[in-house]
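So the structure is just underneath, and the comments pick up after that.
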Amino acid sequence: KYLSGKTAIVTGGASGIGEATALLYAEYGANVVVSDIHEMQGNKVVKQIQQHDGKAIFVKADVSQPEACEQLVNTTVATFGSLDIAFNNAGIGGESSAVGDMSIEGWNKVITINLNSVFYCMKYQLLQMQKQGSGAIVNNSSILGSVGFANAAGYVAAKHGVIGLTQTAALEYSAKGIRINAIGPAFINTPLLTEAGMDNNVKQSFLVPLHPIGRLGESKEVAELVVWLSSDKASFVTGSYYAVDGGYLAR
Ligand code: NAD
């Protein structure tokens with residue numbers, strides 16, 4: 001239980017990669033603040049943690065709103081006394097169209113939810129961690145934080161932005177005891193893919209062949225990396241971008 005005594009926030013913690021990470025944080029002993037816009041699903045994750053004798057609360061927060069991100073940090077500290085770990089993970093697939101056809105609204109929405117939110121969350125998390133003189137932040141980018149993908153310009157731009165933001169914050173805060181890293185999952189079997197219109201047929205014929213390992217990833221396989229980066233085992237790791245991608249970026 002090497003995260004015992006630590007308190008972790010997971011945004012987008014009600015589903016997919018966030019849910020798997022919340023469960024794994026708890027398994028390693030952390031107090032977990034599961035945050036999402038989906039209250040019912042988030043509370044289910046909290047219940048699951050509590051049934052295994054873990055400590056968790058749900059805090060509803062729409063991370064596209066700066067005040068909600070500030071409130072999330074405040075509630076965390078008021079409940080558990082500190083903020084040691086943050087996994088900024090909430091995100092959407094966004095509009096699927098070529099650049100010329102993409103709506104202004106679609107672009108703004110994905111930039112707000114997938115990029116601005118990471119800045120809003122980090123801003124308040126860093127103020128708290130700086131007070132404590134310690135902390136670890138992991139931002140969920142994507143393989144699409146370092147390469148392009150047709151019909152996903154807003155998503156790709158947001159995820160590239162998350163990496164630049166991560167690197168810059170690491171330059172500013174690493175000497176203050178706060179490590180900040182980003183991860184790059186390839187295509188992971190979560191509701192996000194289904195919501196983006198990728199049914200089983202599309203997954204098998206189009207997505208799977210992009211991964212040299214011959215399959216899509218599972219949320220738990222991403223969570224393992226996030227937990228390691230969040231822990232003191234990664235004490236010399238900061239400002240980095242770690243792929244967890246079944247070989248996608250090696251092509
Ligand atoms: P998911 O849809 O299973 O989970 C995303 C969660 O974020 C949902 O519970 C949703 O309610 C929440 N959310 C959405 N908008 C929010 C908002 N404004 N405020 C708070 N919560 C919000 O999807 P997932 O695949 O687990 O995605 C998690 C992260 O992983 C995203 O940032 C996504 O871009 C990234 N990612 C996913 C894949 C993939 O293939 N699934 C690959 C690389 C990166």
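Scheme for the structure tokens: letters A, B, ... for chains in order shown; per-chain residue numbers from 1; ligand numbers from 1 in order shown.
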Report task. Could you report the residues within 8 Å of ligand 1, using only C-alpha atoms and all ligand atoms, as a PyMOL selection string? Result -> chain A and resi 11-19+35-38+41-42+60-65+88-93+113-114+117+140-144+155+159+184-193+195+217+219
Next, dump the selected residues to file, keeping only N, CA and C atoms, as a short mmCIF file (atom, residue, chain, number, x, y, z; two decimals), in the first residue's frame.
data_model
loop_
_atom_site.label_atom_id
_atom_site.label_comp_id
_atom_site.auth_asym_id
_atom_site.auth_seq_id
_atom_site.Cartn_x
_atom_site.Cartn_y
_atom_site.Cartn_z
N THR A 11 -10.13 13.47 -12.02
CA THR A 11 -11.23 14.09 -12.77
C THR A 11 -11.67 13.10 -13.86
N GLY A 12 -12.95 13.13 -14.19
CA GLY A 12 -13.48 12.13 -15.11
C GLY A 12 -13.37 10.74 -14.49
N GLY A 13 -13.56 10.69 -13.18
CA GLY A 13 -13.33 9.44 -12.43
C GLY A 13 -14.49 8.46 -12.45
N ALA A 14 -15.58 8.82 -13.15
CA ALA A 14 -16.77 7.96 -13.12
C ALA A 14 -16.74 6.86 -14.17
N SER A 15 -15.78 6.91 -15.09
CA SER A 15 -15.83 5.99 -16.24
C SER A 15 -14.43 5.71 -16.77
N GLY A 16 -14.29 4.64 -17.50
CA GLY A 16 -13.10 4.37 -18.30
C GLY A 16 -11.78 4.43 -17.54
N ILE A 17 -10.83 5.18 -18.10
CA ILE A 17 -9.47 5.25 -17.55
C ILE A 17 -9.49 5.89 -16.15
N GLY A 18 -10.34 6.91 -15.97
CA GLY A 18 -10.43 7.58 -14.67
C GLY A 18 -10.95 6.64 -13.59
N GLU A 19 -11.97 5.88 -13.93
CA GLU A 19 -12.55 4.91 -12.98
C GLU A 19 -11.49 3.87 -12.59
N SER A 35 -14.11 12.64 -9.11
CA SER A 35 -14.84 13.81 -9.58
C SER A 35 -15.30 13.60 -11.01
N ASP A 36 -16.49 14.11 -11.31
CA ASP A 36 -17.06 13.93 -12.66
C ASP A 36 -18.30 14.81 -12.77
N ILE A 37 -18.85 14.88 -13.97
CA ILE A 37 -20.16 15.53 -14.11
C ILE A 37 -21.27 14.50 -13.89
N HIS A 38 -20.94 13.23 -13.98
CA HIS A 38 -21.94 12.17 -13.82
C HIS A 38 -21.95 11.65 -12.38
N GLN A 41 -22.87 7.61 -11.64
CA GLN A 41 -21.75 6.72 -11.99
C GLN A 41 -20.57 6.96 -11.05
N GLY A 42 -20.33 8.21 -10.70
CA GLY A 42 -19.22 8.55 -9.80
C GLY A 42 -19.44 7.95 -8.42
N LYS A 60 -18.89 16.53 -7.41
CA LYS A 60 -19.34 16.87 -8.76
C LYS A 60 -18.60 18.12 -9.22
N ALA A 61 -17.94 18.05 -10.36
CA ALA A 61 -17.25 19.23 -10.90
C ALA A 61 -17.19 19.14 -12.41
N ASP A 62 -17.63 20.21 -13.06
CA ASP A 62 -17.47 20.33 -14.51
C ASP A 62 -16.15 21.06 -14.72
N VAL A 63 -15.15 20.33 -15.20
CA VAL A 63 -13.80 20.91 -15.27
C VAL A 63 -13.64 21.99 -16.34
N SER A 64 -14.69 22.24 -17.12
CA SER A 64 -14.61 23.36 -18.07
C SER A 64 -14.90 24.68 -17.35
N GLN A 65 -15.23 24.61 -16.06
CA GLN A 65 -15.51 25.80 -15.26
C GLN A 65 -14.41 26.00 -14.22
N ASN A 88 -5.45 14.56 -13.93
CA ASN A 88 -6.33 15.40 -14.75
C ASN A 88 -6.65 14.62 -16.02
N ASN A 89 -7.81 14.02 -16.01
CA ASN A 89 -8.14 12.97 -16.98
C ASN A 89 -9.42 13.23 -17.75
N ALA A 90 -10.34 14.04 -17.20
CA ALA A 90 -11.64 14.23 -17.85
C ALA A 90 -11.44 14.69 -19.29
N GLY A 91 -12.22 14.14 -20.18
CA GLY A 91 -12.10 14.56 -21.57
C GLY A 91 -13.20 13.96 -22.43
N ILE A 92 -13.30 14.51 -23.65
CA ILE A 92 -14.29 14.03 -24.62
C ILE A 92 -13.60 13.74 -25.96
N GLY A 93 -14.29 13.03 -26.83
CA GLY A 93 -13.75 12.74 -28.16
C GLY A 93 -13.86 13.95 -29.08
N ILE A 113 -12.83 21.59 -22.93
CA ILE A 113 -12.93 20.44 -22.03
C ILE A 113 -11.62 19.66 -21.94
N ASN A 114 -10.88 19.59 -23.05
CA ASN A 114 -9.67 18.75 -23.04
C ASN A 114 -8.38 19.51 -22.75
N SER A 117 -9.40 22.92 -19.32
CA SER A 117 -9.69 22.27 -18.03
C SER A 117 -8.41 21.85 -17.32
N ASN A 140 -3.69 13.51 -18.50
CA ASN A 140 -3.98 12.53 -19.54
C ASN A 140 -4.00 13.19 -20.90
N SER A 141 -2.90 13.04 -21.65
CA SER A 141 -2.88 13.49 -23.04
C SER A 141 -3.36 12.33 -23.89
N SER A 142 -2.55 11.87 -24.83
CA SER A 142 -2.94 10.79 -25.75
C SER A 142 -1.74 10.56 -26.66
N ILE A 143 -1.74 9.47 -27.39
CA ILE A 143 -0.78 9.37 -28.49
C ILE A 143 -0.98 10.55 -29.43
N LEU A 144 -2.24 11.05 -29.48
CA LEU A 144 -2.55 12.17 -30.37
C LEU A 144 -2.07 13.49 -29.77
N TYR A 155 -9.28 17.81 -31.09
CA TYR A 155 -8.80 16.85 -30.09
C TYR A 155 -7.27 16.79 -30.11
N LYS A 159 -4.67 17.91 -27.15
CA LYS A 159 -3.77 16.93 -26.52
C LYS A 159 -2.30 17.33 -26.69
N GLY A 184 0.41 9.17 -22.62
CA GLY A 184 -0.12 9.08 -23.97
C GLY A 184 -0.69 7.71 -24.26
N PRO A 185 -1.95 7.47 -23.86
CA PRO A 185 -2.56 6.18 -24.22
C PRO A 185 -2.90 6.13 -25.71
N ALA A 186 -2.78 4.97 -26.31
CA ALA A 186 -3.33 4.75 -27.66
C ALA A 186 -4.82 4.47 -27.48
N PHE A 187 -5.44 3.76 -28.41
CA PHE A 187 -6.89 3.54 -28.31
C PHE A 187 -7.20 2.51 -27.23
N ILE A 188 -8.01 2.94 -26.27
CA ILE A 188 -8.34 2.13 -25.10
C ILE A 188 -9.84 1.85 -25.14
N ASN A 189 -10.20 0.62 -24.82
CA ASN A 189 -11.61 0.20 -24.82
C ASN A 189 -12.39 0.90 -23.72
N THR A 190 -12.96 2.06 -24.00
CA THR A 190 -13.79 2.76 -23.00
C THR A 190 -15.02 3.30 -23.71
N PRO A 191 -16.00 3.80 -22.94
CA PRO A 191 -17.20 4.37 -23.56
C PRO A 191 -16.89 5.52 -24.52
N LEU A 192 -15.73 6.19 -24.33
CA LEU A 192 -15.39 7.32 -25.21
C LEU A 192 -15.34 6.90 -26.67
N LEU A 193 -14.81 5.72 -26.94
CA LEU A 193 -14.70 5.26 -28.33
C LEU A 193 -16.08 5.01 -28.92
N GLU A 195 -18.86 6.39 -27.94
CA GLU A 195 -19.53 7.69 -28.12
C GLU A 195 -19.00 8.40 -29.37
N GLY A 217 -6.09 -1.22 -26.00
CA GLY A 217 -5.70 -1.29 -24.60
C GLY A 217 -6.89 -1.36 -23.66
N SER A 219 -8.39 -0.07 -19.76
CA SER A 219 -8.21 1.05 -18.83
C SER A 219 -7.21 0.73 -17.72
#
Query - Residues of range 128-234 of chain A in helix (DSSP H, G or I), written as a VMD selection string - result: chain A and resid 128 to 132 143 to 145 153 to 176 191 to 195 200 to 210 219 to 230 232 to 234
Query raised in the report: CA of Ala26 in chain A to CA of Gly133 in chain A: how many Å, to one decimal?
Result: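 Between CA of Ala26 in chain A and CA of Gly133 in chain A the gap works out to 23.1 Å.
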Query raised in the report: Which neighbours of range 55-59 of chain A fall inside 6 Å, counting only C-alpha atoms, when residues of the same chain fewer than 6 positions from it are skipped, and could you give them as number ranges by chain?
Result: A: 31-35, 43, 46
Requested in this report: Just the residues within 12 Å of Glu224 in chain A, please, counting only C-alpha atoms, with nothing from its chain fewer than 5 positions along; format it as a list in words.
Outcome: Ile17, Gly18, Ala20, Thr21, Ala22, Leu23, Leu24, Tyr25, Glu27, Tyr28, Ile183, Pro185, Glu218, Ser219, Leu229, Ser230, Ser231 and Val244 of chain A
For Leu126 in chain A, please output as a PDB file with N, CA and C atoms, in the first residue's frame all residues within 10 Å (counting only C-alpha atoms; exclusion window: fewer than 3 positions along the same chain).
ATOM      1  N   VAL A  73     -10.563  21.353  -5.429  1.00  0.00           N
ATOM      2  CA  VAL A  73      -9.347  21.322  -4.593  1.00  0.00           C
ATOM      3  C   VAL A  73      -9.711  21.669  -3.147  1.00  0.00           C
ATOM      4  N   LEU A  83      -3.626  17.634  -0.564  1.00  0.00           N
ATOM      5  CA  LEU A  83      -3.773  17.148  -1.938  1.00  0.00           C
ATOM      6  C   LEU A  83      -2.389  16.712  -2.403  1.00  0.00           C
ATOM      7  N   ALA A  86      -2.823  14.398  -8.287  1.00  0.00           N
ATOM      8  CA  ALA A  86      -3.967  14.760  -9.135  1.00  0.00           C
ATOM      9  C   ALA A  86      -3.810  14.101 -10.498  1.00  0.00           C
ATOM     10  N   CYS A 121      -7.518  23.131 -13.645  1.00  0.00           N
ATOM     11  CA  CYS A 121      -7.290  22.186 -12.543  1.00  0.00           C
ATOM     12  C   CYS A 121      -5.888  22.364 -11.979  1.00  0.00           C
ATOM     13  N   MET A 122      -4.892  22.415 -12.866  1.00  0.00           N
ATOM     14  CA  MET A 122      -3.504  22.524 -12.392  1.00  0.00           C
ATOM     15  C   MET A 122      -3.277  23.804 -11.618  1.00  0.00           C
ATOM     16  N   LYS A 123      -3.879  24.887 -12.074  1.00  0.00           N
ATOM     17  CA  LYS A 123      -3.694  26.185 -11.407  1.00  0.00           C
ATOM     18  C   LYS A 123      -3.980  26.062  -9.908  1.00  0.00           C
ATOM     19  N   MET A 129      -0.415  22.463  -3.666  1.00  0.00           N
ATOM     20  CA  MET A 129       0.790  21.626  -3.552  1.00  0.00           C
ATOM     21  C   MET A 129       2.006  22.478  -3.192  1.00  0.00           C
ATOM     22  N   GLN A 130       2.037  23.706  -3.712  1.00  0.00           N
ATOM     23  CA  GLN A 130       3.150  24.609  -3.395  1.00  0.00           C
ATOM     24  C   GLN A 130       3.152  24.936  -1.898  1.00  0.00           C
ATOM     25  N   LYS A 131       1.983  25.123  -1.339  1.00  0.00           N
ATOM     26  CA  LYS A 131       1.874  25.368   0.115  1.00  0.00           C
ATOM     27  C   LYS A 131       2.443  24.199   0.892  1.00  0.00           C
ATOM     28  N   GLN A 132       2.150  22.992   0.413  1.00  0.00           N
ATOM     29  CA  GLN A 132       2.602  21.768   1.099  1.00  0.00           C
ATOM     30  C   GLN A 132       4.091  21.484   0.837  1.00  0.00           C
ATOM     31  N   GLY A 133       4.580  21.956  -0.325  1.00  0.00           N
ATOM     32  CA  GLY A 133       5.957  21.661  -0.728  1.00  0.00           C
ATOM     33  C   GLY A 133       6.118  20.274  -1.324  1.00  0.00           C
ATOM     34  N   SER A 134       4.992  19.671  -1.752  1.00  0.00           N
ATOM     35  CA  SER A 134       5.082  18.352  -2.394  1.00  0.00           C
ATOM     36  C   SER A 134       3.816  18.051  -3.180  1.00  0.00           C
ATOM     37  N   GLY A 135       3.954  17.123  -4.129  1.00  0.00           N
ATOM     38  CA  GLY A 135       2.790  16.704  -4.901  1.00  0.00           C
ATOM     39  C   GLY A 135       3.206  16.079  -6.217  1.00  0.00           C
ATOM     40  N   ALA A 136       2.261  15.379  -6.835  1.00  0.00           N
ATOM     41  CA  ALA A 136       2.511  14.779  -8.149  1.00  0.00           C
ATOM     42  C   ALA A 136       1.249  14.941  -8.990  1.00  0.00           C
ATOM     43  N   ILE A 137       1.445  15.421 -10.215  1.00  0.00           N
ATOM     44  CA  ILE A 137       0.316  15.615 -11.138  1.00  0.00           C
ATOM     45  C   ILE A 137       0.561  14.777 -12.386  1.00  0.00           C
ATOM     46  N   ALA A 169       4.875  23.610 -16.805  1.00  0.00           N
ATOM     47  CA  ALA A 169       4.625  23.575 -15.358  1.00  0.00           C
ATOM     48  C   ALA A 169       5.739  22.812 -14.640  1.00  0.00           C
ATOM     49  N   TYR A 173       7.830  24.108 -11.397  1.00  0.00           N
ATOM     50  CA  TYR A 173       7.509  23.567 -10.070  1.00  0.00           C
ATOM     51  C   TYR A 173       8.342  22.375  -9.613  1.00  0.00           C
ATOM     52  N   ILE A 178       7.299  19.325  -6.634  1.00  0.00           N
ATOM     53  CA  ILE A 178       6.089  18.869  -7.344  1.00  0.00           C
ATOM     54  C   ILE A 178       6.486  18.314  -8.711  1.00  0.00           C
ATOM     55  N   ILE A 180       5.408  16.763 -12.408  1.00  0.00           N
ATOM     56  CA  ILE A 180       4.267  16.884 -13.319  1.00  0.00           C
ATOM     57  C   ILE A 180       4.593  16.150 -14.615  1.00  0.00           C
TER      58      ILE A 180
END
Query - CA of Pro212 in chain A to CA of Ala250 in chain A, distance in Å rounded to a single decimal - result: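 About the pair CA of Pro212 in chain A and CA of Ala250 in chain A: they are 8.4 Å apart.
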Query - Length of the CA of Leu115 in chain A to CA of Gly154 in chain A vector [Å] - result: 9.9 Å
Query - Expected answer as a list of chain:residue names: strand (DSSP E or B) residues in range 5-168 of chain A - result: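 Answer for range 5-168 of chain A restricted to strand (DSSP E or B) is A:Thr7, A:Ala8, A:Ile9, A:Val10, A:Thr11, A:Asn31, A:Val32, A:Val33, A:Val34, A:Ser35, A:Asp36, A:Ala56, A:Ile57, A:Phe58, A:Val59, A:Lys60, A:Ile85, A:Ala86, A:Phe87, A:Asn88, A:Ser97, A:Gly135, A:Ala136, A:Ile137, A:Val138, A:Asn139, A:Asn140, A:Ala152.
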Keeping only N, CA and C atoms, take the residues you just selected and write them out as a tab-separated table (two decimals), in the first residue's frame.
chain	number	residue	atom	x	y	z
A	7	THR	N	-3.59	11.66	-0.62
A	7	THR	CA	-4.93	11.96	-1.13
A	7	THR	C	-4.84	12.32	-2.61
A	8	ALA	N	-5.71	11.67	-3.40
A	8	ALA	CA	-5.66	11.82	-4.86
A	8	ALA	C	-6.99	12.29	-5.42
A	9	ILE	N	-6.92	13.24	-6.35
A	9	ILE	CA	-8.10	13.65	-7.13
A	9	ILE	C	-8.04	12.96	-8.49
A	10	VAL	N	-9.18	12.44	-8.94
A	10	VAL	CA	-9.27	11.93	-10.32
A	10	VAL	C	-10.42	12.66	-11.00
A	11	THR	N	-10.13	13.47	-12.02
A	11	THR	CA	-11.23	14.09	-12.77
A	11	THR	C	-11.67	13.10	-13.86
A	31	ASN	N	-6.45	7.95	-0.26
A	31	ASN	CA	-7.81	8.50	-0.17
A	31	ASN	C	-8.13	9.05	-1.56
A	32	VAL	N	-9.32	8.74	-2.07
A	32	VAL	CA	-9.60	9.13	-3.45
A	32	VAL	C	-10.79	10.07	-3.54
A	33	VAL	N	-10.60	11.17	-4.26
A	33	VAL	CA	-11.70	12.07	-4.58
A	33	VAL	C	-12.07	11.81	-6.04
A	34	VAL	N	-13.19	11.13	-6.21
A	34	VAL	CA	-13.69	10.82	-7.55
A	34	VAL	C	-14.52	12.01	-8.01
A	35	SER	N	-14.11	12.64	-9.11
A	35	SER	CA	-14.84	13.81	-9.58
A	35	SER	C	-15.30	13.60	-11.01
A	36	ASP	N	-16.49	14.11	-11.31
A	36	ASP	CA	-17.06	13.93	-12.66
A	36	ASP	C	-18.30	14.81	-12.77
A	56	ALA	N	-13.10	7.14	0.10
A	56	ALA	CA	-13.36	7.92	-1.12
A	56	ALA	C	-14.58	8.79	-0.94
A	57	ILE	N	-14.59	9.92	-1.66
A	57	ILE	CA	-15.79	10.75	-1.75
A	57	ILE	C	-16.00	11.11	-3.22
A	58	PHE	N	-17.25	11.48	-3.53
A	58	PHE	CA	-17.53	12.00	-4.87
A	58	PHE	C	-17.70	13.50	-4.79
A	59	VAL	N	-17.08	14.23	-5.70
A	59	VAL	CA	-17.31	15.68	-5.81
A	59	VAL	C	-17.69	15.98	-7.25
A	60	LYS	N	-18.89	16.53	-7.41
A	60	LYS	CA	-19.34	16.87	-8.76
A	60	LYS	C	-18.60	18.12	-9.22
A	85	ILE	N	-1.86	14.05	-4.90
A	85	ILE	CA	-1.84	13.50	-6.26
A	85	ILE	C	-3.04	14.03	-7.03
A	86	ALA	N	-2.82	14.40	-8.29
A	86	ALA	CA	-3.97	14.76	-9.13
A	86	ALA	C	-3.81	14.10	-10.50
A	87	PHE	N	-4.86	13.42	-10.94
A	87	PHE	CA	-4.90	12.86	-12.29
A	87	PHE	C	-5.93	13.65	-13.07
A	88	ASN	N	-5.45	14.56	-13.93
A	88	ASN	CA	-6.33	15.40	-14.75
A	88	ASN	C	-6.65	14.62	-16.02
A	97	SER	N	-14.60	15.86	-37.85
A	97	SER	CA	-14.68	16.42	-39.21
A	97	SER	C	-13.33	16.99	-39.61
A	135	GLY	N	3.95	17.12	-4.13
A	135	GLY	CA	2.79	16.70	-4.90
A	135	GLY	C	3.21	16.08	-6.22
A	136	ALA	N	2.26	15.38	-6.84
A	136	ALA	CA	2.51	14.78	-8.15
A	136	ALA	C	1.25	14.94	-8.99
A	137	ILE	N	1.44	15.42	-10.22
A	137	ILE	CA	0.32	15.62	-11.14
A	137	ILE	C	0.56	14.78	-12.39
A	138	VAL	N	-0.48	14.08	-12.83
A	138	VAL	CA	-0.40	13.36	-14.10
A	138	VAL	C	-1.54	13.88	-14.99
A	139	ASN	N	-1.19	14.33	-16.17
A	139	ASN	CA	-2.20	14.82	-17.11
A	139	ASN	C	-2.42	13.79	-18.21
A	140	ASN	N	-3.69	13.51	-18.50
A	140	ASN	CA	-3.98	12.53	-19.54
A	140	ASN	C	-4.00	13.19	-20.90
A	152	ALA	N	-9.84	14.92	-36.49
A	152	ALA	CA	-9.85	15.13	-35.04
A	152	ALA	C	-8.95	16.30	-34.67
